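These notes concern the structure reproduced below.
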Amino acid sequence: MVLILLFFQFKKHVEYDTVIIGGGPGGYVAAIKAAQLGQKTACIEKRDTLGGTCLNVGCIPSKAMLNNSHLYHEAKHNFAKRGIDVGEVKLNLAQLLADKDKAVTGLTRGIEMLFKKNKVDWIKGAGTLKSATEIEVALNDGGAQTVAAKNIIIATGSEPSPFPGFEIDEKQIITSTGALALEKVPEKMIVIGGGVIGLELGSVWSRLGAEVTVVEYLPAIGAGMDAELAKAFQRSLTKQGIKFKTSTKVVSSEKKDGKVVVSVEGAKNGKQESLTADVVLLSVGRRPYTEGLGLENAGVKVDAKGRIEMADEQFRTAVSSIRVIGDVTMGPMLAHKAEEEGIAAVEHITNGHGHVNYNVIPSVIYTHPEVAWVGKNEQQLKEEGIKYKVGSFPFAANSRAKTIDDAEGLVKIITDAETDRILGAHIIGPNAGEMIAEACLAMEYGGSAEDVARTCHAHPTMSEAFKEACMAAYSKPIHF
């Protein structure tokens, strides 16, 4: 009996080199990298699947729905002019959602396999800090386990920000999670917030037949986007049937006769108006998720916005043994930013060196057309007093874009006026999300527009538009 009790006690107190709290993009990548570098590693995640918000109810399922809704829209409206007759096109929403779920399941199970391959222990439960080196885990299958760690990385991500006057039920008043699981296409949908999430999911349901109205407090959509591209983007989405009310403040909501009535007013003129919809999507941003973490037990500090404070460039918090990465701390809330931080944090733990270039973190909106950007935009450079040059090239002059009849948009390159070094790249058009990687690589190595322009690009490809925009920045393009 004594031996059994001692064994049980031993199993309840396990020590690791590094423990990550949170199994999202930042957390699971950090866990795998730590194990690859020889650390005994565990990842604490309370979901039944790994991947966090991104893989389960964010980036991945939304991209599946964006792709399939685009195919549906193309088949319904554009196939005939391409010489493809398919008869009556009907939406099978249940199958569309099932296909989305299939993608999610495949990828989340893939992470489980990677954990096994790299010998990462997945502790299924919710972790609470008890000290600078101990975590108590409320296990999903009951009971608790105390985990000791020389190093702890907090990677708990973020959650949708609430909005005063709106009670979320994920049926009529929904977040991005509910927008991925609606059982029928609403006749009318109001999207509150004209950022990435709202525009992507608004596009999905617009293509599937909903009348979508986007309400945005700021005068332009796509927060952080270059002003020229933001205007072109709004024009494109308007042509697709999405309505916009910019410079508009949301005041309140009321459920009435099976509908949701939203009261709004002009941000500048105060003009009041009521909008009625079947579904209201709240997409006003996200906030750090720290519920139940027990930060105070370990002395970890948060700022006024609820973000865990980072004390140095090695991702340490106020407690040297505890580091923080991803959405739960400062910086853009992007999965790829969290992944980069996860790898760098683990490298700092292992050998004291890690690298994240925050000037080269791309952003992408996966609508159609796609929008992608990295680095500085014109407004920022003007505010900083930096002299710059601009080179632009339209997809209308790109042979590949013309051959597939998808030539809306442009590539815009911004360079230092004296050195020609690329300071920013902004793309709206087909495959923008893939093309932006070329800009990231050039900027990471301090490349100039001429460096890119003198690099041979395959013909015919969309990437030639990027090359010609670089030519326009330092000299003149050939095809425009």
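Ligands are numbered from 1 in the order shown, chains are lettered A, B, ... in the order of the structure tokens, and residues start at 1 in each chain.
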### Test item: residues at most 9 Å from Ser475 of chain A, only C-alpha atoms, excluding those fewer than 5 positions along its chain, as a PyMOL selection string
chain A and resi 391+450+470
Any chance you can output those residues with C-alpha atoms as a JSON list (two decimals), in the first residue's frame?
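Below is the file result05.json, written as the result:
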[["chain", "number", "residue", "atom", "x", "y", "z"],
["A", 391, "GLY", "CA", 6.35, 51.97, -57.49],
["A", 450, "GLU", "CA", 16.43, 46.89, -57.90],
["A", 470, "CYS", "CA", 9.90, 47.10, -58.02]]
### Residues within 8 Å of segment 237-243 of chain A, only C-alpha atoms, excluding chain neighbours under 2 positions, as a list in words
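Counting only the stated atoms, we get Ser203, Ser206, Glu211, Val212, Thr213, Val214, Phe233, Gln234, Arg235 and Lys245 of chain A.
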Next, write the just-selected residues to a file, as a PDB file, in the first residue's frame, keeping C-alpha atoms as the atom set.
ATOM      1  CA  SER A 203     -17.592  37.849 -47.520  1.00  0.00           C
ATOM      2  CA  SER A 206     -22.419  37.429 -48.746  1.00  0.00           C
ATOM      3  CA  GLU A 211     -27.327  40.734 -47.616  1.00  0.00           C
ATOM      4  CA  VAL A 212     -24.340  41.964 -45.603  1.00  0.00           C
ATOM      5  CA  THR A 213     -23.842  45.421 -44.091  1.00  0.00           C
ATOM      6  CA  VAL A 214     -20.539  46.294 -42.421  1.00  0.00           C
ATOM      7  CA  PHE A 233     -10.643  47.190 -51.354  1.00  0.00           C
ATOM      8  CA  GLN A 234     -13.882  48.813 -50.252  1.00  0.00           C
ATOM      9  CA  ARG A 235     -14.817  49.570 -53.869  1.00  0.00           C
ATOM     10  CA  LYS A 245     -21.410  52.307 -43.133  1.00  0.00           C
TER      11      LYS A 245
END
### Message
To test your reading of the structure, identify every residue in segment 162-308 of chain A that backbone DSSP assigns to alpha helix (DSSP H), and report it as an MDAnalysis selection string.
### Response
chainID A and resid 176:179 196:207 227:239 295:298
#### Entry: Who sits within 12 Å of Ile174 of chain A, only C-alpha atoms, same chain under 2 positions skipped, as a PyMOL selection string
chain A and resi 160-163+166-172+176-182+189-192+198+201+260+278-284
Could you take the residues named above and write them with N, CA, C and O atoms, as a compact mmCIF listing (two decimals), in the first residue's frame?
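out.txt written:
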# COMPACT_ATOMS: atom_id res chain seq x y z
N PRO A 160 -12.60 36.69 -28.35
CA PRO A 160 -13.31 37.84 -28.92
C PRO A 160 -13.63 38.87 -27.85
O PRO A 160 -14.05 38.53 -26.74
N SER A 161 -13.43 40.13 -28.19
CA SER A 161 -13.77 41.21 -27.25
C SER A 161 -15.28 41.38 -27.19
O SER A 161 -15.95 41.36 -28.23
N PRO A 162 -15.83 41.51 -25.99
CA PRO A 162 -17.28 41.74 -25.89
C PRO A 162 -17.62 43.15 -26.35
O PRO A 162 -16.74 44.00 -26.50
N PHE A 163 -18.91 43.39 -26.57
CA PHE A 163 -19.35 44.72 -27.00
C PHE A 163 -20.54 45.12 -26.14
O PHE A 163 -21.52 44.36 -26.06
N PHE A 166 -24.64 44.08 -26.26
CA PHE A 166 -24.86 42.91 -27.10
C PHE A 166 -24.60 41.64 -26.29
O PHE A 166 -23.49 41.45 -25.77
N GLU A 167 -25.61 40.79 -26.17
CA GLU A 167 -25.48 39.54 -25.45
C GLU A 167 -25.26 38.42 -26.46
O GLU A 167 -26.15 38.07 -27.23
N ILE A 168 -24.08 37.86 -26.45
CA ILE A 168 -23.71 36.84 -27.44
C ILE A 168 -24.42 35.52 -27.14
O ILE A 168 -24.34 35.00 -26.03
N ASP A 169 -25.11 34.97 -28.14
CA ASP A 169 -25.75 33.66 -28.01
C ASP A 169 -25.26 32.69 -29.07
O ASP A 169 -25.64 31.51 -29.07
N GLU A 170 -24.42 33.16 -29.99
CA GLU A 170 -23.85 32.38 -31.10
C GLU A 170 -24.92 31.84 -32.05
O GLU A 170 -24.68 30.91 -32.81
N LYS A 171 -26.11 32.43 -31.99
CA LYS A 171 -27.18 32.08 -32.91
C LYS A 171 -27.61 33.30 -33.72
O LYS A 171 -27.64 33.28 -34.95
N GLN A 172 -27.99 34.36 -33.00
CA GLN A 172 -28.35 35.61 -33.65
C GLN A 172 -27.30 36.69 -33.46
O GLN A 172 -26.98 37.42 -34.39
N SER A 176 -16.94 35.24 -34.19
CA SER A 176 -16.39 34.48 -35.31
C SER A 176 -16.67 32.98 -35.16
O SER A 176 -16.86 32.27 -36.15
N THR A 177 -16.74 32.50 -33.93
CA THR A 177 -17.03 31.08 -33.69
C THR A 177 -18.41 30.71 -34.23
O THR A 177 -18.57 29.72 -34.94
N GLY A 178 -19.40 31.52 -33.90
CA GLY A 178 -20.76 31.25 -34.38
C GLY A 178 -20.88 31.43 -35.88
O GLY A 178 -21.67 30.73 -36.54
N ALA A 179 -20.09 32.34 -36.44
CA ALA A 179 -20.16 32.59 -37.89
C ALA A 179 -19.65 31.42 -38.70
O ALA A 179 -19.91 31.32 -39.90
N LEU A 180 -18.93 30.52 -38.05
CA LEU A 180 -18.41 29.33 -38.74
C LEU A 180 -19.36 28.14 -38.64
O LEU A 180 -19.06 27.06 -39.15
N ALA A 181 -20.52 28.35 -38.01
CA ALA A 181 -21.40 27.21 -37.75
C ALA A 181 -22.88 27.55 -37.91
O ALA A 181 -23.74 26.83 -37.40
N LEU A 182 -23.21 28.62 -38.62
CA LEU A 182 -24.62 28.95 -38.83
C LEU A 182 -25.30 27.83 -39.61
O LEU A 182 -24.76 27.33 -40.60
N MET A 189 -27.40 40.15 -42.69
CA MET A 189 -26.37 40.06 -41.66
C MET A 189 -25.72 41.42 -41.47
O MET A 189 -25.37 42.09 -42.46
N ILE A 190 -25.57 41.83 -40.23
CA ILE A 190 -24.83 43.05 -39.90
C ILE A 190 -23.49 42.63 -39.31
O ILE A 190 -23.44 41.79 -38.40
N VAL A 191 -22.42 43.17 -39.83
CA VAL A 191 -21.08 42.90 -39.31
C VAL A 191 -20.60 44.17 -38.61
O VAL A 191 -20.48 45.23 -39.24
N ILE A 192 -20.36 44.06 -37.32
CA ILE A 192 -19.87 45.22 -36.56
C ILE A 192 -18.35 45.12 -36.47
O ILE A 192 -17.81 44.26 -35.77
N GLY A 198 -14.12 40.44 -39.62
CA GLY A 198 -15.44 40.83 -40.11
C GLY A 198 -15.55 40.79 -41.62
O GLY A 198 -16.56 40.34 -42.17
N LEU A 201 -15.41 36.90 -42.90
CA LEU A 201 -16.63 36.14 -42.65
C LEU A 201 -17.85 36.81 -43.27
O LEU A 201 -18.79 36.13 -43.70
N VAL A 260 -32.78 41.12 -35.02
CA VAL A 260 -31.95 41.96 -34.16
C VAL A 260 -31.95 43.37 -34.73
O VAL A 260 -31.60 43.57 -35.90
N ASP A 278 -31.06 39.42 -39.41
CA ASP A 278 -31.32 38.13 -38.79
C ASP A 278 -30.17 37.73 -37.88
O ASP A 278 -30.37 37.08 -36.85
N VAL A 279 -28.97 38.14 -38.28
CA VAL A 279 -27.76 37.78 -37.53
C VAL A 279 -26.84 38.99 -37.45
O VAL A 279 -26.66 39.72 -38.43
N VAL A 280 -26.25 39.20 -36.28
CA VAL A 280 -25.26 40.26 -36.09
C VAL A 280 -23.93 39.60 -35.69
O VAL A 280 -23.86 38.85 -34.72
N LEU A 281 -22.91 39.87 -36.47
CA LEU A 281 -21.56 39.35 -36.20
C LEU A 281 -20.74 40.43 -35.52
O LEU A 281 -20.50 41.50 -36.09
N LEU A 282 -20.29 40.14 -34.30
CA LEU A 282 -19.42 41.07 -33.57
C LEU A 282 -17.97 40.75 -33.90
O LEU A 282 -17.49 39.66 -33.61
N SER A 283 -17.30 41.68 -34.52
CA SER A 283 -15.88 41.48 -34.87
C SER A 283 -15.13 42.77 -34.59
O SER A 283 -14.57 43.40 -35.48
N VAL A 284 -15.14 43.13 -33.31
CA VAL A 284 -14.54 44.40 -32.89
C VAL A 284 -13.17 44.19 -32.26
O VAL A 284 -12.68 45.03 -31.51
#### Entry: Selection near Val374 of chain A, 6 Å with only C-alpha atoms, sequence-local residues under 4 positions removed, as a ChimeraX atom specification
/A:362,424-425
Mind dumping the selected residues with all heavy atoms as a PDB file, in the first residue's frame?
ATOM      1  N   PRO A 362       3.999  39.950 -41.863  1.00  0.00           N
ATOM      2  CA  PRO A 362       2.969  40.252 -42.868  1.00  0.00           C
ATOM      3  C   PRO A 362       1.544  40.111 -42.331  1.00  0.00           C
ATOM      4  O   PRO A 362       1.296  39.380 -41.370  1.00  0.00           O
ATOM      5  CB  PRO A 362       3.237  39.203 -43.953  1.00  0.00           C
ATOM      6  CG  PRO A 362       3.825  38.046 -43.207  1.00  0.00           C
ATOM      7  CD  PRO A 362       4.652  38.652 -42.096  1.00  0.00           C
ATOM      8  N   GLY A 424       8.274  48.816 -47.490  1.00  0.00           N
ATOM      9  CA  GLY A 424       6.937  48.256 -47.358  1.00  0.00           C
ATOM     10  C   GLY A 424       6.442  47.724 -48.689  1.00  0.00           C
ATOM     11  O   GLY A 424       6.871  48.178 -49.753  1.00  0.00           O
ATOM     12  N   ALA A 425       5.540  46.743 -48.612  1.00  0.00           N
ATOM     13  CA  ALA A 425       4.923  46.192 -49.818  1.00  0.00           C
ATOM     14  C   ALA A 425       3.447  45.988 -49.539  1.00  0.00           C
ATOM     15  O   ALA A 425       3.072  45.498 -48.462  1.00  0.00           O
ATOM     16  CB  ALA A 425       5.582  44.878 -50.217  1.00  0.00           C
TER      17      ALA A 425
END
Give me, as a PDB file with C-alpha atoms, in the first residue's frame, the residues of segment 254-385 of chain A that a backbone DSSP run labels strand (DSSP E).
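Ended up saving to result_10.pdb:
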ATOM      1  CA  GLU A 254     -32.548  44.793 -29.314  1.00  0.00           C
ATOM      2  CA  LYS A 255     -34.060  41.450 -30.244  1.00  0.00           C
ATOM      3  CA  LYS A 256     -37.511  41.982 -31.674  1.00  0.00           C
ATOM      4  CA  LYS A 259     -34.732  39.847 -35.637  1.00  0.00           C
ATOM      5  CA  VAL A 260     -31.953  41.959 -34.160  1.00  0.00           C
ATOM      6  CA  VAL A 261     -32.384  45.724 -34.359  1.00  0.00           C
ATOM      7  CA  VAL A 262     -29.126  47.659 -34.129  1.00  0.00           C
ATOM      8  CA  SER A 263     -29.143  51.380 -33.391  1.00  0.00           C
ATOM      9  CA  VAL A 264     -26.288  53.375 -34.916  1.00  0.00           C
ATOM     10  CA  GLU A 265     -25.321  57.001 -35.282  1.00  0.00           C
ATOM     11  CA  GLY A 266     -22.843  58.976 -37.346  1.00  0.00           C
ATOM     12  CA  GLN A 272     -29.296  58.185 -35.839  1.00  0.00           C
ATOM     13  CA  GLU A 273     -30.463  55.126 -37.743  1.00  0.00           C
ATOM     14  CA  SER A 274     -31.833  51.645 -37.044  1.00  0.00           C
ATOM     15  CA  LEU A 275     -30.612  48.563 -38.905  1.00  0.00           C
ATOM     16  CA  THR A 276     -32.407  45.220 -38.808  1.00  0.00           C
ATOM     17  CA  ALA A 277     -30.849  41.818 -39.448  1.00  0.00           C
ATOM     18  CA  VAL A 279     -27.760  37.783 -37.528  1.00  0.00           C
ATOM     19  CA  VAL A 280     -25.256  40.258 -36.085  1.00  0.00           C
ATOM     20  CA  LEU A 281     -21.564  39.349 -36.197  1.00  0.00           C
ATOM     21  CA  LEU A 282     -19.422  41.072 -33.574  1.00  0.00           C
ATOM     22  CA  ARG A 286      -9.848  40.349 -29.560  1.00  0.00           C
ATOM     23  CA  ARG A 287      -8.478  40.568 -26.026  1.00  0.00           C
ATOM     24  CA  PRO A 288      -5.803  38.553 -24.200  1.00  0.00           C
ATOM     25  CA  ILE A 322       8.212  32.616 -17.000  1.00  0.00           C
ATOM     26  CA  ARG A 323       8.059  33.833 -20.604  1.00  0.00           C
ATOM     27  CA  VAL A 324       5.142  34.957 -22.730  1.00  0.00           C
ATOM     28  CA  SER A 363      -0.802  40.693 -42.682  1.00  0.00           C
ATOM     29  CA  VAL A 364      -3.291  39.047 -45.047  1.00  0.00           C
ATOM     30  CA  ILE A 365      -7.036  39.331 -45.631  1.00  0.00           C
ATOM     31  CA  GLU A 370      -6.928  39.096 -51.320  1.00  0.00           C
ATOM     32  CA  VAL A 371      -5.102  41.912 -49.579  1.00  0.00           C
ATOM     33  CA  ALA A 372      -1.625  41.546 -48.072  1.00  0.00           C
ATOM     34  CA  TRP A 373       0.937  43.937 -46.706  1.00  0.00           C
ATOM     35  CA  VAL A 374       4.184  44.067 -44.783  1.00  0.00           C
ATOM     36  CA  GLY A 375       6.336  46.894 -43.455  1.00  0.00           C
TER      37      GLY A 375
END
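In this comparison, which uses only C-alpha atoms, the residue of A:Ala42, A:Leu293, A:Ala138, A:Leu66 approaching Tyr28 of chain A most closely is A:Ala42.
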### Task
Considering only C-alpha atoms, return as a PyMOL selection string whatever protein or nucleic-acid residues lie within 10 Å of Lys63 of chain A, sequence-local ones (same chain, fewer than 6 positions apart) excluded.
chain A and resi 69+100+103+200-201+204+366-367
### Query
What gap, in Å, lies between atom CA of Arg207 of chain A and atom CA of Met333 of chain A?
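Taking atom CA of Arg207 of chain A as the start and atom CA of Met333 of chain A as the end point, the length is 26.7 Å.
Excluding Asp226 of chain A itself and same-chain residues fewer than 3 positions from it, the residues having an atom within 7 Å of it are Leu229, Ala230, Asn377 and Glu378 of chain A, counting only C-alpha atoms.
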Kindly export the residues of the current selection with all heavy atoms, as a compact mmCIF listing (two decimals), in the first residue's frame.
# COMPACT_ATOMS: atom_id res chain seq x y z
N LEU A 229 -4.91 51.23 -50.82
CA LEU A 229 -5.46 49.89 -50.96
C LEU A 229 -6.79 49.76 -50.25
O LEU A 229 -7.69 49.05 -50.72
CB LEU A 229 -4.47 48.86 -50.41
CG LEU A 229 -3.54 48.23 -51.45
CD1 LEU A 229 -2.56 49.27 -51.99
CD2 LEU A 229 -2.79 47.04 -50.88
N ALA A 230 -6.95 50.44 -49.11
CA ALA A 230 -8.21 50.37 -48.36
C ALA A 230 -9.38 50.89 -49.21
O ALA A 230 -10.47 50.30 -49.22
CB ALA A 230 -8.10 51.16 -47.07
N ASN A 377 3.50 51.72 -44.39
CA ASN A 377 2.67 52.30 -45.44
C ASN A 377 3.01 53.78 -45.58
O ASN A 377 3.81 54.33 -44.81
CB ASN A 377 1.18 52.08 -45.17
CG ASN A 377 0.72 52.69 -43.83
OD1 ASN A 377 1.14 53.78 -43.45
ND2 ASN A 377 -0.15 51.96 -43.12
N GLU A 378 2.41 54.42 -46.55
CA GLU A 378 2.75 55.83 -46.83
C GLU A 378 2.46 56.74 -45.65
O GLU A 378 3.25 57.64 -45.33
CB GLU A 378 2.00 56.32 -48.07
CG GLU A 378 2.56 55.80 -49.38
CD GLU A 378 2.09 56.61 -50.56
OE1 GLU A 378 2.53 57.77 -50.70
OE2 GLU A 378 1.25 56.09 -51.33
### Shell around Ala335 of chain A at 12 Å using only C-alpha atoms, local window under 6 positions removed, as number ranges by chain
A: 23-29, 51-55, 58-60, 155, 157-158, 325-328, 341-342, 361-364
